[in-house]
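Read the structure below first, then the notes.
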Amino acid sequence: MNSEFLFTDSDFSRIRTLIHRRAGIALGEHKRQMVYSRLSRRLRDLGLPQFSTYLSLLEDSRDGNEWQLFINSLTTNLTSFFREAHHFPVLAELARKCTQPITVWCAAASTGEEPYSIAITLMEALGERASTARVIATDIDTSVLAKASAAVFTMEQVNRLSPDRLRRFFNKGTGANAGKVRVRPEVAAMVKFSRLNLLDGSWPVKEPVDAIFCRNVMIYFDKPTQKKLLDRFVPLLKPHGLLFAGHSENASLVNQTFKTVGQTVYTMSKARA
(Lines give C-alpha, C1' and ligand atoms only; values in the text may rest on other atoms or scores of the structure.)
Protein backbone atom coordinates (compact mmCIF):
# COMPACT_ATOMS: atom_id res chain seq x y z
CA MET A 1 0.00 0.00 0.00
CA ASN A 2 1.35 3.43 -0.96
CA SER A 3 0.91 5.35 2.30
CA GLU A 4 1.45 9.00 3.08
CA PHE A 5 3.39 8.14 6.24
CA LEU A 6 5.74 5.27 7.07
CA PHE A 7 3.85 2.95 9.42
CA THR A 8 5.72 -0.20 10.46
CA ASP A 9 4.75 -3.27 12.48
CA SER A 10 6.87 -1.85 15.28
CA ASP A 11 4.91 1.43 15.19
CA PHE A 12 1.60 -0.40 15.42
CA SER A 13 2.89 -2.52 18.30
CA ARG A 14 4.00 0.61 20.18
CA ILE A 15 0.59 2.22 19.65
CA ARG A 16 -1.19 -0.89 20.94
CA THR A 17 0.99 -0.87 24.05
CA LEU A 18 0.54 2.85 24.69
CA ILE A 19 -3.25 2.93 24.33
CA HIS A 20 -3.63 -0.18 26.49
CA ARG A 21 -1.42 1.32 29.18
CA ARG A 22 -3.15 4.71 29.08
CA ALA A 23 -6.80 3.76 28.49
CA GLY A 24 -7.12 -0.01 28.84
CA ILE A 25 -8.13 -0.37 25.18
CA ALA A 26 -7.04 -3.64 23.58
CA LEU A 27 -6.55 -3.04 19.85
CA GLY A 28 -6.75 -6.11 17.65
CA GLU A 29 -4.64 -6.65 14.54
CA HIS A 30 -7.69 -5.83 12.41
CA LYS A 31 -7.64 -2.24 13.75
CA ARG A 32 -4.39 -1.37 11.99
CA GLN A 33 -5.94 0.63 9.14
CA MET A 34 -8.24 2.48 11.53
CA VAL A 35 -5.24 3.44 13.68
CA TYR A 36 -3.30 4.67 10.66
CA SER A 37 -6.22 6.73 9.40
CA ARG A 38 -7.03 8.39 12.70
CA LEU A 39 -3.49 9.14 13.87
CA SER A 40 -2.40 10.41 10.45
CA ARG A 41 -4.31 13.59 11.26
CA ARG A 42 -2.02 14.22 14.21
CA LEU A 43 1.07 13.72 12.04
CA ARG A 44 -0.26 16.23 9.50
CA ASP A 45 -1.15 18.76 12.17
CA LEU A 46 2.33 18.47 13.70
CA GLY A 47 4.18 18.34 10.36
CA LEU A 48 5.85 14.99 11.17
CA PRO A 49 7.18 12.63 8.48
CA GLN A 50 6.52 9.23 10.04
CA PHE A 51 4.80 7.43 12.89
CA SER A 52 8.00 6.59 14.76
CA THR A 53 8.77 10.30 15.09
CA TYR A 54 5.31 10.99 16.45
CA LEU A 55 5.47 8.11 18.93
CA SER A 56 8.87 9.21 20.22
CA LEU A 57 7.51 12.73 20.66
CA LEU A 58 4.53 11.29 22.52
CA GLU A 59 6.58 9.04 24.80
CA ASP A 60 8.94 11.90 25.66
CA SER A 61 6.11 14.39 26.10
CA ARG A 62 5.08 15.86 29.41
CA ASP A 63 2.27 17.63 27.58
CA GLY A 64 -0.94 16.00 28.76
CA ASN A 65 -2.79 17.64 25.87
CA GLU A 66 -1.03 15.54 23.20
CA TRP A 67 -1.71 12.37 25.16
CA GLN A 68 -5.37 13.39 25.35
CA LEU A 69 -5.49 13.97 21.58
CA PHE A 70 -3.89 10.55 21.08
CA ILE A 71 -6.59 8.93 23.22
CA ASN A 72 -9.37 10.97 21.57
CA SER A 73 -8.18 9.76 18.17
CA LEU A 74 -8.41 6.09 19.11
CA THR A 75 -11.69 5.99 21.03
CA THR A 76 -14.95 4.98 19.34
CA ASN A 77 -18.07 7.06 20.03
CA LEU A 78 -20.99 5.33 18.37
CA THR A 79 -24.14 6.41 20.21
CA SER A 80 -27.76 7.49 19.78
CA PHE A 81 -30.76 8.49 21.85
CA PHE A 82 -32.39 5.53 23.64
CA ARG A 83 -29.94 3.09 22.09
CA GLU A 84 -30.70 -0.44 23.36
CA ALA A 85 -34.18 0.74 24.25
CA HIS A 86 -35.02 -2.26 26.46
CA HIS A 87 -32.87 -0.79 29.26
CA PHE A 88 -34.89 2.35 29.84
CA PRO A 89 -38.16 0.81 31.09
CA VAL A 90 -36.02 -1.15 33.60
CA LEU A 91 -34.42 2.11 34.73
CA ALA A 92 -37.86 3.76 35.00
CA GLU A 93 -39.14 0.92 37.20
CA LEU A 94 -36.06 1.20 39.43
CA ALA A 95 -36.55 4.97 39.74
CA ARG A 96 -40.19 4.63 40.77
CA LYS A 97 -39.21 2.16 43.52
CA CYS A 98 -36.48 4.40 44.96
CA THR A 99 -37.61 6.23 48.09
CA GLN A 100 -34.49 8.43 48.16
CA PRO A 101 -33.23 10.73 45.37
CA ILE A 102 -31.83 8.57 42.58
CA THR A 103 -28.31 8.86 41.17
CA VAL A 104 -27.23 7.20 37.91
CA TRP A 105 -23.67 7.03 36.61
CA CYS A 106 -23.20 6.95 32.84
CA ALA A 107 -19.58 5.80 32.48
CA ALA A 108 -19.26 6.40 28.73
CA ALA A 109 -21.19 9.58 28.00
CA SER A 110 -19.82 10.15 24.48
CA THR A 111 -21.62 13.09 22.81
CA GLY A 112 -24.44 13.07 25.37
CA GLU A 113 -27.25 11.05 23.85
CA GLU A 114 -27.06 8.34 26.51
CA PRO A 115 -26.98 10.52 29.66
CA TYR A 116 -29.74 12.75 28.28
CA SER A 117 -31.81 9.62 27.52
CA ILE A 118 -31.29 8.59 31.15
CA ALA A 119 -32.38 12.04 32.37
CA ILE A 120 -35.48 12.01 30.16
CA THR A 121 -36.40 8.54 31.47
CA LEU A 122 -36.08 9.77 35.07
CA MET A 123 -38.23 12.82 34.34
CA GLU A 124 -40.94 10.67 32.77
CA ALA A 125 -40.84 8.15 35.63
CA LEU A 126 -40.61 10.56 38.57
CA GLY A 127 -42.47 13.68 37.52
CA GLU A 128 -41.79 16.46 40.03
CA ARG A 129 -39.49 14.18 42.05
CA ALA A 130 -37.04 14.21 39.13
CA SER A 131 -35.72 17.57 40.31
CA THR A 132 -33.70 15.69 42.95
CA ALA A 133 -32.32 13.07 40.52
CA ARG A 134 -28.71 13.22 39.31
CA VAL A 135 -26.91 11.81 36.30
CA ILE A 136 -23.12 11.64 36.57
CA ALA A 137 -21.79 11.51 33.00
CA THR A 138 -18.13 10.72 32.34
CA ASP A 139 -15.98 9.92 29.33
CA ILE A 140 -12.29 9.68 28.51
CA ASP A 141 -12.63 11.73 25.29
CA THR A 142 -12.60 15.48 25.89
CA SER A 143 -13.80 16.34 22.38
CA VAL A 144 -17.07 14.43 22.74
CA LEU A 145 -17.62 15.80 26.25
CA ALA A 146 -17.51 19.33 24.84
CA LYS A 147 -20.26 18.41 22.36
CA ALA A 148 -22.29 16.72 25.09
CA SER A 149 -22.10 19.74 27.39
CA ALA A 150 -23.33 22.01 24.59
CA ALA A 151 -26.56 19.93 24.53
CA VAL A 152 -27.22 20.79 20.85
CA PHE A 153 -28.20 18.10 18.35
CA THR A 154 -29.23 17.97 14.70
CA MET A 155 -32.73 16.91 13.70
CA GLU A 156 -31.19 13.77 12.21
CA GLN A 157 -29.82 12.83 15.64
CA VAL A 158 -33.26 13.10 17.26
CA ASN A 159 -35.37 11.82 14.36
CA ARG A 160 -36.23 8.55 16.15
CA LEU A 161 -37.67 10.31 19.18
CA SER A 162 -41.43 10.58 19.44
CA PRO A 163 -43.03 13.97 18.70
CA ASP A 164 -44.11 14.11 22.36
CA ARG A 165 -40.55 13.67 23.65
CA LEU A 166 -39.26 16.26 21.21
CA ARG A 167 -41.84 18.79 22.43
CA ARG A 168 -41.33 18.09 26.12
CA PHE A 169 -37.56 17.81 26.35
CA PHE A 170 -36.06 19.87 23.50
CA ASN A 171 -36.23 23.42 22.19
CA LYS A 172 -36.16 23.88 18.42
CA GLY A 173 -33.49 26.15 17.03
CA THR A 174 -34.33 29.19 14.92
CA GLY A 175 -32.37 31.42 12.57
CA ALA A 176 -28.76 30.24 12.39
CA ASN A 177 -29.72 27.23 14.54
CA ALA A 178 -32.60 26.10 12.33
CA GLY A 179 -32.51 22.35 11.86
CA LYS A 180 -31.09 21.82 15.35
CA VAL A 181 -32.51 21.27 18.82
CA ARG A 182 -31.21 21.99 22.31
CA VAL A 183 -31.93 19.90 25.37
CA ARG A 184 -34.24 21.87 27.68
CA PRO A 185 -32.50 23.47 30.68
CA GLU A 186 -34.40 21.40 33.24
CA VAL A 187 -33.12 18.19 31.58
CA ALA A 188 -29.57 19.47 31.12
CA ALA A 189 -29.46 20.58 34.77
CA MET A 190 -29.77 16.95 35.89
CA VAL A 191 -26.58 15.91 34.08
CA LYS A 192 -23.05 16.74 35.18
CA PHE A 193 -20.27 15.97 32.69
CA SER A 194 -16.63 15.34 33.57
CA ARG A 195 -13.62 13.59 32.09
CA LEU A 196 -12.77 10.18 33.50
CA ASN A 197 -10.33 7.50 32.41
CA LEU A 198 -11.68 4.27 33.88
CA LEU A 199 -8.07 3.20 34.53
CA ASP A 200 -7.52 6.19 36.83
CA GLY A 201 -6.73 5.32 40.42
CA SER A 202 -9.40 7.69 41.70
CA TRP A 203 -12.91 8.17 40.33
CA PRO A 204 -15.18 11.19 40.88
CA VAL A 205 -17.98 8.81 41.88
CA LYS A 206 -17.48 8.49 45.63
CA GLU A 207 -20.91 7.58 47.03
CA PRO A 208 -22.87 4.46 45.99
CA VAL A 209 -25.27 5.03 43.10
CA ASP A 210 -28.53 3.38 42.11
CA ALA A 211 -27.44 2.40 38.61
CA ILE A 212 -24.33 2.29 36.44
CA PHE A 213 -24.56 2.42 32.66
CA CYS A 214 -21.31 0.99 31.28
CA ARG A 215 -22.50 -0.08 27.85
CA ASN A 216 -20.31 -1.11 24.93
CA VAL A 217 -17.19 -0.10 26.84
CA MET A 218 -15.84 -3.36 28.23
CA ILE A 219 -15.71 -4.91 24.75
CA TYR A 220 -12.67 -2.71 24.12
CA PHE A 221 -10.84 -4.06 27.19
CA ASP A 222 -9.08 -7.37 27.75
CA LYS A 223 -10.41 -9.82 30.34
CA PRO A 224 -8.13 -8.74 33.25
CA THR A 225 -9.13 -5.09 32.74
CA GLN A 226 -12.81 -6.04 32.56
CA LYS A 227 -12.54 -7.90 35.87
CA LYS A 228 -10.80 -4.97 37.57
CA LEU A 229 -13.58 -2.63 36.45
CA LEU A 230 -16.35 -4.93 37.63
CA ASP A 231 -14.64 -5.32 41.01
CA ARG A 232 -14.44 -1.53 41.33
CA PHE A 233 -18.12 -1.13 40.44
CA VAL A 234 -19.26 -3.31 43.36
CA PRO A 235 -18.75 -0.82 46.23
CA LEU A 236 -20.19 1.95 44.06
CA LEU A 237 -23.58 0.28 43.67
CA LYS A 238 -26.27 0.43 46.32
CA PRO A 239 -27.55 -3.01 47.43
CA HIS A 240 -30.51 -2.74 45.03
CA GLY A 241 -28.37 -1.16 42.30
CA LEU A 242 -28.31 -2.21 38.66
CA LEU A 243 -25.47 -2.47 36.16
CA PHE A 244 -26.47 -1.93 32.52
CA ALA A 245 -24.07 -3.44 29.99
CA GLY A 246 -23.98 -3.39 26.19
CA HIS A 247 -25.58 -5.91 23.86
CA SER A 248 -22.15 -7.42 23.09
CA GLU A 249 -21.30 -7.80 26.78
CA ASN A 250 -22.92 -10.92 28.16
CA ALA A 251 -23.04 -12.77 31.45
CA SER A 252 -19.56 -14.22 30.92
CA LEU A 253 -18.31 -10.82 32.05
CA VAL A 254 -20.00 -10.97 35.41
CA ASN A 255 -19.81 -14.59 36.69
CA GLN A 256 -19.58 -14.70 40.51
CA THR A 257 -19.88 -10.96 41.11
CA PHE A 258 -23.16 -10.16 39.35
CA LYS A 259 -26.27 -12.04 38.30
CA THR A 260 -28.59 -11.38 35.38
CA VAL A 261 -31.94 -9.73 36.10
CA GLY A 262 -32.84 -8.76 32.53
CA GLN A 263 -31.42 -8.46 29.05
CA THR A 264 -27.85 -7.25 29.74
CA VAL A 265 -29.02 -5.91 33.12
CA TYR A 266 -27.27 -7.16 36.25
CA THR A 267 -27.37 -6.87 40.02
CA MET A 268 -24.94 -8.07 42.63
CA SER A 269 -25.19 -11.82 43.12
CA LYS A 270 -24.96 -11.54 46.90
CA ALA A 271 -25.34 -8.70 49.34
CA ARG A 272 -22.22 -6.99 50.62
CA ALA A 273 -21.32 -7.46 54.25
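Within each chain, counting starts at residue 1; across the C-alpha coordinates, chains are named A, B, ... in the order shown, with ligands numbered 1 upward in that order.
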
Show which residues sit within 8 Å of Phe88 (chain A), as a VMD selection string. Count only C-alpha atoms, and ignore same-chain residues fewer than 5 positions away.
-> chain A and resid 82 118 121

Write out as a VMD selection string each polymer residue whose atoms come within 8 Å of region 169-185 of chain A, counting only C-alpha atoms; drop sequence neighbours fewer than 5 positions from it.
-> chain A and resid 120 151 to 155

Test item, strand (DSSP E or B) assignment across region 43-271 of chain A, answer as a VMD selection string | chain A and resid 50 103 to 106 134 to 139 152 to 154 170 to 172 180 to 183 191 to 195 209 to 214 221 237 to 245 258 to 262 265 to 268

DSSP says alpha helix (DSSP H) for which residues of region 8-133 of chain A? Put them as a PyMOL selection string?
-> chain A and resi 9-23+32-46+51-60+64-74+87-97+113-126

Long-range neighbours of Thr267 (chain A) as a PDB file with N, CA and C atoms, in the first residue's frame, 8 Å cut-off, only C-alpha atoms, 4 positions minimum in chain:
```
ATOM      1  N   HIS A 240     -29.483  -2.470  46.051  1.00  0.00           N
ATOM      2  CA  HIS A 240     -30.508  -2.743  45.029  1.00  0.00           C
ATOM      3  C   HIS A 240     -30.048  -2.313  43.628  1.00  0.00           C
ATOM      4  N   GLY A 241     -28.825  -1.819  43.525  1.00  0.00           N
ATOM      5  CA  GLY A 241     -28.369  -1.164  42.298  1.00  0.00           C
ATOM      6  C   GLY A 241     -28.266  -2.087  41.092  1.00  0.00           C
ATOM      7  N   LEU A 242     -28.356  -1.464  39.919  1.00  0.00           N
ATOM      8  CA  LEU A 242     -28.307  -2.213  38.663  1.00  0.00           C
ATOM      9  C   LEU A 242     -27.125  -1.762  37.816  1.00  0.00           C
ATOM     10  N   LEU A 243     -26.512  -2.726  37.141  1.00  0.00           N
ATOM     11  CA  LEU A 243     -25.466  -2.475  36.160  1.00  0.00           C
ATOM     12  C   LEU A 243     -26.040  -2.765  34.779  1.00  0.00           C
ATOM     13  N   PHE A 258     -21.829 -10.645  39.698  1.00  0.00           N
ATOM     14  CA  PHE A 258     -23.164 -10.160  39.353  1.00  0.00           C
ATOM     15  C   PHE A 258     -24.020 -11.298  38.815  1.00  0.00           C
ATOM     16  N   LYS A 259     -25.335 -11.091  38.901  1.00  0.00           N
ATOM     17  CA  LYS A 259     -26.265 -12.038  38.296  1.00  0.00           C
ATOM     18  C   LYS A 259     -27.200 -11.288  37.355  1.00  0.00           C
ATOM     19  N   THR A 260     -27.716 -11.981  36.373  1.00  0.00           N
ATOM     20  CA  THR A 260     -28.594 -11.381  35.375  1.00  0.00           C
ATOM     21  C   THR A 260     -29.991 -11.175  35.947  1.00  0.00           C
ATOM     22  N   VAL A 261     -30.546  -9.980  35.707  1.00  0.00           N
ATOM     23  CA  VAL A 261     -31.942  -9.726  36.098  1.00  0.00           C
ATOM     24  C   VAL A 261     -32.758  -9.222  34.909  1.00  0.00           C
TER      25      VAL A 261
END
```

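The residue set within 9 Å of region 3-18 of chain A, counting only C-alpha atoms and dropping same-chain residues fewer than 2 places from it, reads Met1, His20, Arg21, Arg22, Ala23, Ile25, Ala26, Leu27, Gly28, Glu29, Arg32, Val35, Tyr36, Ser40, Leu43, Leu48, Pro49, Gln50, Phe51, Ser52, Leu55 and Glu59 of chain A.
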